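Containing compact mmCIF, C-alpha atoms and all ligand atoms: target-v9.txt.
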# COMPACT_ATOMS: atom_id res chain seq x y z
CA MET A 1 52.86 130.98 86.55
CA ARG A 2 53.50 127.37 87.43
CA VAL A 3 50.71 124.82 87.51
CA SER A 4 51.21 122.00 89.94
CA VAL A 5 50.47 118.62 88.46
CA THR A 6 50.48 116.82 91.79
CA SER A 7 47.31 114.77 91.86
CA THR A 8 45.56 113.39 94.89
CA ILE A 9 45.78 109.96 93.27
CA THR A 10 49.58 109.95 93.15
CA SER A 11 49.88 111.40 96.68
CA THR A 12 47.60 108.64 97.88
CA ALA A 13 49.75 106.05 96.12
CA VAL A 14 52.81 107.37 97.99
CA ALA A 15 50.92 107.40 101.31
CA ASP A 16 49.81 103.79 100.72
CA LEU A 17 53.38 102.77 99.99
CA LEU A 18 54.82 104.49 103.09
CA ARG A 19 52.14 103.55 105.59
CA GLY A 20 53.48 101.21 108.26
CA ARG A 21 56.97 101.18 106.74
CA SER A 22 60.26 102.82 107.59
CA TRP A 23 61.61 105.33 105.07
CA VAL A 24 64.41 107.81 104.50
CA ALA A 25 64.18 111.15 102.68
CA LEU A 26 66.87 112.38 100.32
CA THR A 27 66.39 116.09 99.71
CA GLY A 28 67.81 118.53 97.19
CA ALA A 29 67.55 122.15 96.15
CA GLY A 30 63.86 121.86 95.19
CA MET A 31 63.11 121.38 98.88
CA SER A 32 64.28 124.91 99.68
CA THR A 33 63.02 126.92 96.71
CA ASP A 34 59.89 127.83 98.68
CA SER A 35 62.22 129.34 101.29
CA GLY A 36 63.57 131.72 98.66
CA ILE A 37 66.78 129.82 97.92
CA PRO A 38 67.02 129.39 94.14
CA ASP A 39 67.64 126.01 92.56
CA TYR A 40 70.28 126.16 89.90
CA ARG A 41 69.53 122.82 88.38
CA GLY A 42 65.74 122.89 88.40
CA PRO A 43 63.41 124.13 85.69
CA THR A 44 63.61 127.70 87.00
CA SER A 45 67.37 127.54 87.42
CA VAL A 46 69.76 130.42 87.42
CA ARG A 47 72.55 129.17 85.19
CA ALA A 48 75.52 129.65 87.42
CA THR A 49 79.01 128.26 87.41
CA PRO A 50 79.98 127.52 90.98
CA MET A 51 83.59 127.74 92.04
CA GLN A 52 85.43 124.43 91.84
CA TYR A 53 87.32 123.18 94.87
CA SER A 54 90.67 123.18 93.03
CA GLU A 55 90.13 126.82 92.04
CA PHE A 56 89.31 127.79 95.64
CA LEU A 57 92.43 126.04 96.96
CA GLY A 58 94.54 127.34 94.08
CA SER A 59 94.93 131.00 94.94
CA ALA A 60 94.41 133.68 97.56
CA GLU A 61 92.52 135.71 94.90
CA ALA A 62 90.01 132.92 94.38
CA GLN A 63 89.40 132.77 98.15
CA GLN A 64 89.01 136.54 98.30
CA ARG A 65 86.51 136.44 95.42
CA TYR A 66 84.60 133.56 96.96
CA TRP A 67 84.30 135.21 100.38
CA ALA A 68 83.36 138.59 98.91
CA ARG A 69 80.44 136.98 97.09
CA SER A 70 79.56 134.75 99.98
CA TYR A 71 79.62 137.66 102.44
CA LEU A 72 76.92 139.38 100.40
CA GLY A 73 74.91 136.24 99.69
CA TRP A 74 74.82 135.37 103.38
CA ARG A 75 72.58 138.29 104.15
CA ARG A 76 69.83 136.48 102.30
CA ILE A 77 70.61 132.84 102.95
CA GLY A 78 71.19 133.67 106.61
CA ARG A 79 67.61 134.91 106.82
CA ALA A 80 65.96 131.97 105.04
CA GLU A 81 63.34 130.11 107.03
CA PRO A 82 61.89 126.62 106.80
CA ASN A 83 58.91 126.31 104.46
CA PRO A 84 55.76 124.15 104.88
CA GLY A 85 57.58 121.23 103.22
CA HIS A 86 60.38 121.24 105.82
CA ARG A 87 57.81 121.42 108.60
CA ALA A 88 55.65 118.64 107.18
CA LEU A 89 58.73 116.43 106.83
CA ALA A 90 59.68 117.03 110.47
CA ASP A 91 56.15 115.99 111.51
CA LEU A 92 56.40 112.83 109.41
CA GLU A 93 58.96 111.38 111.84
CA VAL A 94 55.99 109.91 113.70
CA ALA A 95 54.97 108.18 110.45
CA GLY A 96 58.03 106.07 109.78
CA LEU A 97 60.55 108.68 108.61
CA ALA A 98 63.87 107.39 109.99
CA GLY A 99 65.95 110.37 108.91
CA VAL A 100 66.83 112.91 106.26
CA ILE A 101 69.87 112.86 104.00
CA THR A 102 70.15 116.31 102.44
CA GLN A 103 72.23 117.76 99.65
CA ASN A 104 71.28 121.23 100.89
CA VAL A 105 73.61 123.24 103.09
CA ASP A 106 71.00 125.69 104.43
CA GLY A 107 70.27 123.91 107.72
CA LEU A 108 66.52 124.31 107.23
CA HIS A 109 65.59 120.70 108.07
CA SER A 110 67.07 121.09 111.54
CA SER A 111 65.47 124.52 111.94
CA ALA A 112 62.12 122.94 111.10
CA GLY A 113 62.58 120.32 113.84
CA SER A 114 63.85 117.26 111.98
CA THR A 115 65.91 115.36 114.54
CA HIS A 116 68.00 113.03 112.38
CA VAL A 117 69.63 114.94 109.52
CA ILE A 118 72.77 114.05 107.57
CA ASN A 119 74.12 117.17 105.85
CA LEU A 120 75.80 115.37 102.98
CA HIS A 121 77.31 118.54 101.53
CA GLY A 122 77.99 120.28 104.84
CA ASP A 123 76.53 123.25 106.64
CA ILE A 124 76.81 126.81 105.35
CA ALA A 125 76.43 128.11 108.91
CA MET A 126 79.85 126.68 109.80
CA VAL A 127 83.38 127.60 108.74
CA LEU A 128 86.38 125.28 108.56
CA CYS A 129 90.04 126.29 108.81
CA LEU A 130 92.01 124.51 106.09
CA ASP A 131 95.20 124.82 108.12
CA CYS A 132 94.31 123.81 111.69
CA GLY A 133 90.88 122.19 111.20
CA ASP A 134 89.12 124.57 113.60
CA HIS A 135 85.33 124.74 113.21
CA SER A 136 83.63 128.03 113.92
CA ALA A 137 80.29 129.73 113.44
CA ARG A 138 79.69 131.55 110.19
CA THR A 139 77.85 134.35 112.02
CA GLU A 140 81.09 135.15 113.86
CA LEU A 141 83.06 135.29 110.60
CA GLN A 142 80.34 137.45 109.06
CA ARG A 143 80.76 139.90 111.95
CA ARG A 144 84.55 139.97 111.49
CA LEU A 145 84.21 140.50 107.73
CA ALA A 146 81.76 143.35 108.33
CA SER A 147 84.30 145.07 110.63
CA ALA A 148 87.08 144.58 108.07
CA ASN A 149 84.93 145.93 105.21
CA PRO A 150 82.87 148.78 106.67
CA GLU A 151 82.40 150.45 103.28
CA LEU A 152 80.51 147.39 102.02
CA GLU A 153 77.73 147.80 104.52
CA GLN A 154 75.23 149.69 102.38
CA PRO A 155 75.57 149.76 98.64
CA LEU A 156 76.38 146.29 97.35
CA VAL A 157 73.14 144.43 97.88
CA PRO A 158 71.22 143.81 95.76
CA GLN A 159 72.46 145.97 92.88
CA HIS A 160 75.79 144.20 92.54
CA ALA A 161 74.87 140.87 94.01
CA GLU A 162 73.01 137.94 92.58
CA LEU A 163 72.21 135.17 94.99
CA ARG A 164 73.23 131.61 94.38
CA PRO A 165 71.94 128.57 96.29
CA ASP A 166 75.18 127.98 98.14
CA GLY A 167 75.09 131.45 99.62
CA ASP A 168 77.45 132.66 96.96
CA ALA A 169 76.55 135.85 95.14
CA VAL A 170 78.13 137.67 92.28
CA ALA A 171 79.90 140.82 93.36
CA ARG A 172 81.86 143.05 91.05
CA ASP A 173 83.94 144.74 93.70
CA TRP A 174 85.66 141.73 95.20
CA GLN A 175 89.20 143.03 94.59
CA GLN A 176 88.66 145.57 97.35
CA PHE A 177 87.31 142.98 99.75
CA ARG A 178 89.47 142.44 102.84
CA LEU A 179 89.60 138.80 103.88
CA VAL A 180 90.29 137.68 107.44
CA GLY A 181 92.03 134.48 108.59
CA CYS A 182 91.36 131.81 111.21
CA VAL A 183 91.06 133.16 114.77
CA GLN A 184 93.14 130.25 116.09
CA CYS A 185 96.03 130.16 113.60
CA GLY A 186 95.54 132.88 110.98
CA GLY A 187 95.05 130.16 108.36
CA ARG A 188 92.79 129.93 105.33
CA LEU A 189 89.06 129.68 105.93
CA LYS A 190 86.59 127.68 103.89
CA PRO A 191 82.85 127.39 104.37
CA ASP A 192 82.14 123.94 105.82
CA VAL A 193 80.47 122.84 102.62
CA VAL A 194 81.49 120.40 99.92
CA PHE A 195 82.56 122.30 96.82
CA PHE A 196 82.05 121.10 93.27
CA GLY A 197 85.00 118.86 92.53
CA GLU A 198 85.43 117.94 96.20
CA SER A 199 84.32 114.58 97.62
CA VAL A 200 81.84 114.13 100.41
CA PRO A 201 83.73 113.02 103.56
CA ARG A 202 83.70 109.23 103.84
CA SER A 203 82.26 109.20 107.37
CA ARG A 204 79.23 111.13 106.16
CA VAL A 205 78.61 108.78 103.24
CA GLU A 206 78.86 105.83 105.62
CA ALA A 207 76.40 107.45 108.04
CA ALA A 208 73.98 107.90 105.14
CA TYR A 209 74.25 104.26 104.07
CA ALA A 210 73.81 103.17 107.69
CA LEU A 211 70.63 105.24 107.90
CA MET A 212 69.37 103.64 104.69
CA GLU A 213 70.00 100.19 106.18
CA ARG A 214 67.41 100.97 108.82
CA ALA A 215 64.73 101.88 106.31
CA GLU A 216 62.99 100.15 103.47
CA ILE A 217 61.94 103.00 101.20
CA LEU A 218 63.88 105.96 99.83
CA VAL A 219 61.89 109.12 99.08
CA VAL A 220 63.69 111.67 96.91
CA LEU A 221 62.41 115.21 97.41
CA GLY A 222 63.28 118.10 95.11
CA SER A 223 66.40 116.74 93.48
CA SER A 224 67.08 116.08 89.82
CA LEU A 225 69.78 113.66 91.06
CA THR A 226 72.35 115.18 88.73
CA VAL A 227 75.10 114.83 91.32
CA MET A 228 76.43 111.36 92.00
CA SER A 229 76.58 112.06 95.75
CA GLY A 230 72.78 111.75 95.81
CA PHE A 231 72.12 109.50 92.84
CA ARG A 232 74.15 106.65 94.31
CA PHE A 233 71.59 106.23 97.11
CA VAL A 234 68.83 105.75 94.56
CA ARG A 235 70.85 103.12 92.75
CA HIS A 236 71.71 101.46 96.05
CA ASN A 237 68.05 101.09 97.07
CA ALA A 238 66.99 99.98 93.59
CA LYS A 239 69.74 97.35 93.47
CA ARG A 240 68.40 95.93 96.72
CA GLN A 241 64.92 95.89 95.18
CA ARG A 242 63.61 98.35 97.69
CA PRO A 243 61.11 100.98 96.57
CA VAL A 244 62.20 104.45 95.50
CA VAL A 245 59.72 107.32 95.41
CA ILE A 246 60.62 110.52 93.57
CA ILE A 247 58.88 113.84 94.16
CA ASN A 248 60.35 116.52 91.93
CA ARG A 249 59.34 119.16 89.44
CA GLY A 250 60.60 117.86 86.12
CA ALA A 251 62.54 114.78 85.06
CA THR A 252 65.31 113.31 87.18
CA ARG A 253 68.21 111.00 86.48
CA GLY A 254 66.58 108.43 88.79
CA ASP A 255 63.15 108.23 87.16
CA GLU A 256 63.73 104.77 85.73
CA PHE A 257 64.27 103.45 89.27
CA ALA A 258 61.14 105.02 90.76
CA SER A 259 58.20 102.94 91.94
CA VAL A 260 56.18 106.13 92.12
CA LYS A 261 57.09 109.50 90.61
CA ILE A 262 55.26 112.70 91.42
CA ASP A 263 55.99 115.65 89.17
CA GLY A 264 55.26 118.32 91.71
CA GLY A 265 56.50 120.56 94.49
CA CYS A 266 57.79 119.35 97.85
CA SER A 267 55.70 121.71 100.00
CA GLU A 268 52.35 120.71 98.47
CA THR A 269 53.10 117.00 98.32
CA LEU A 270 54.54 116.76 101.83
CA THR A 271 51.68 118.77 103.30
CA GLU A 272 49.29 116.32 101.63
CA LEU A 273 51.27 113.33 102.91
CA ARG A 274 51.27 114.69 106.45
CA LYS A 275 47.51 115.12 106.29
CA THR A 276 47.08 111.52 105.17
CA LEU A 277 49.71 109.83 107.37
CA VAL A 278 49.78 111.98 110.53
CA GLY A 279 46.36 113.62 110.52
ZN ZN A 301 93.23 127.69 111.85

Can I see the file as structure tokens?
Ligand SMILES: [Zn+2]
Amino acid sequence: MRVSVTSTITSTAVADLLRGRSWVALTGAGMSTDSGIPDYRGPTSVRATPMQYSEFLGSAEAQQRYWARSYLGWRRIGRAEPNPGHRALADLEVAGLAGVITQNVDGLHSSAGSTHVINLHGDIAMVLCLDCGDHSARTELQRRLASANPELEQPLVPQHAELRPDGDAVARDWQQFRLVGCVQCGGRLKPDVVFFGESVPRSRVEAAYALMERAEILVVLGSSLTVMSGFRFVRHNAKRQRPVVIINRGATRGDEFASVKIDGGCSETLTELRKTLVG
């Protein structure tokens, strides 16, 4: 049982800071926990070791193992829906929110109606061919994998699968999994997400900084800021002496830079903020 320590006083302090100003949201895994996607760095984390990019590139076996797990995990991540926090954030566009930079790959901000979203770490609903660069829909690959692995249809979930936030799940029977290649060239497929050990594409980082240029305040939502790809934006705003607000359950690496810190959940806090700023 978790007790929320969000107080009306701190929510009001955030509302007072944001009112009449332009701001950008930086969101992390804590934003999506209420949609049933576990956070592996938060206080309730599942201690998981995600596959490193070099390992994925390194062998056909690693790719087979990754896709076997991911195939199973997709059944759950593919069904996830936006939570009240995502919806409140979309509504806050009328109250100065210039855009969302997200570390999440679940696409839930766009599903909730946010119009300006930078998917810093990519989009799990898309697949990239490492050999020809073709982009394709993950649902299509999922269909092809299902045809190639008909025996996997019933038994594996959830007994042999444990969901991870990136849509990866632990499967024991991956050696039997039949992988398919790119429809265009037969090449190696990779989910269009940034792996651990892989850098965020430069154009995306630049788009995020450009968005921050248009706003005064940075509001961090549900991220412990462990990963530099998000933390650098906090440092950037702080260096320019612009306010940083942090809303997260538990301590974050950026706490020392925060003008206001709320130790609480995204859904409750954003719903409160919408009530105050949008009505
Ligand atoms: Zn290809």

Listed atoms of stretch 238-242 of chain A, axis-aligned box, 5 Å per side: centre and edge lengths to one decimal in Å, as AutoDock Vina command-line options?
--center_x 66.7 --center_y 97.9 --center_z 95.6 --size_x 16.1 --size_y 14.1 --size_z 14.2

Coordinates-based distance that separates atom CA of A:Ala29 from atom CA of A:Thr226 (Å, one decimal): 11.3 Å

Could you build a table of the residues in chain A lying no more than 12 Å from ligand ZN 301 (chain A), giving for each the nearest pair of atoms and their separation in Å rounded to one decimal place, using only C-alpha atoms and all ligand atoms, ordered by chain and ascending residue number, as a tab-separated table?
residue	atom	partner	partner_atom	distance
A:Val127	CA	A:ZN301	ZN	10.3
A:Leu128	CA	A:ZN301	ZN	8.0
A:Cys129	CA	A:ZN301	ZN	4.6
A:Leu130	CA	A:ZN301	ZN	6.7
A:Asp131	CA	A:ZN301	ZN	5.1
A:Cys132	CA	A:ZN301	ZN	4.0
A:Gly133	CA	A:ZN301	ZN	6.0
A:Asp134	CA	A:ZN301	ZN	5.4
A:His135	CA	A:ZN301	ZN	8.5
A:Ser136	CA	A:ZN301	ZN	9.8
A:Val180	CA	A:ZN301	ZN	11.3
A:Gly181	CA	A:ZN301	ZN	7.6
A:Cys182	CA	A:ZN301	ZN	4.6
A:Val183	CA	A:ZN301	ZN	6.6
A:Gln184	CA	A:ZN301	ZN	5.0
A:Cys185	CA	A:ZN301	ZN	4.1
A:Gly186	CA	A:ZN301	ZN	5.7
A:Gly187	CA	A:ZN301	ZN	4.6
A:Arg188	CA	A:ZN301	ZN	6.9
A:Leu189	CA	A:ZN301	ZN	7.5
A:Lys190	CA	A:ZN301	ZN	10.4

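When all atoms listed in the file are used to measure the gap to A:Ile37, the shortest distance among A:Met212, A:Leu108, A:Val94, A:Met126 belongs to A:Leu108.
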
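Taking only C-alpha atoms into account, A:Tyr66 lies nearest to A:Leu179 out of the set A:Ala88, A:Leu179, A:Arg143, A:Phe233.
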
Produce a table with one row for each residue of stretch 162-277 of chain A that has an atom at most 6 Å from any atom of stretch 115-123 of chain A, each row naming the nearest atom pair and its distance in Å at one decimal; use all atoms listed in the file; arrange rows by chain and rising residue number; format as a tab-separated table.
residue	atom	partner	partner_atom	distance
A:Asp192	CA	A:Gly122	CA	5.6
A:Val193	CA	A:Gly122	CA	4.2
A:Val194	CA	A:His121	CA	4.9

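For the set A:Asp106, A:Asp91, A:Ala112, A:Ser70, the residue with the smallest atom-to-atom gap to A:Leu145 is A:Ser70, counting only C-alpha atoms.
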
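Distances from A:Glu81, A:Ser114, A:Leu92, A:Tyr71 to A:Gly279 were compared using only C-alpha atoms, and the smallest one belongs to A:Leu92.
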
Non-local contacts of stretch 240-244 of chain A (7 Å; only C-alpha atoms; under 2 positions in same chain excluded) as JSON, numbers by chain: {"A": [216, 217, 218, 219, 234, 236, 237, 238, 246, 257, 258, 259]}

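Excluding A:Gly230 itself and any same-chain residue fewer than 2 positions from it, the protein and nucleic acid residues within 9 Å of it, counting all atoms listed in the file, are Leu26, Thr27, Gly28, Ile101, Thr102, Gln103, Leu120, Ser223, Leu225, Thr226, Val227, Met228, Arg232, Phe233 and Val234 of chain A.
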
Atom CA of A:Glu272 to atom CA of A:Thr33, straight-line distance in Å: 18.0 Å

Among the residues A:Ala62, A:Ala215, A:Ile124, A:Ser224, the one that comes closest to A:Val105 [using all atoms listed in the file]: A:Ile124

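Here the question is which of A:Ile262, A:Ala60, A:Leu97, A:His86 gets nearest to A:Gly20 using only C-alpha atoms, and that residue is A:Leu97.
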
Close residues, A:Ala15 itself excluded, 7 Å, only C-alpha atoms, min 2 positions apart in chain, as a list in words: Ser11, Thr12, Ala13, Leu17, Leu18, Arg19, Leu273, Thr276 and Leu277 of chain A

Gap from atom CA of A:Phe231 to atom CA of A:Arg253 - Å, one decimal: 7.6 Å
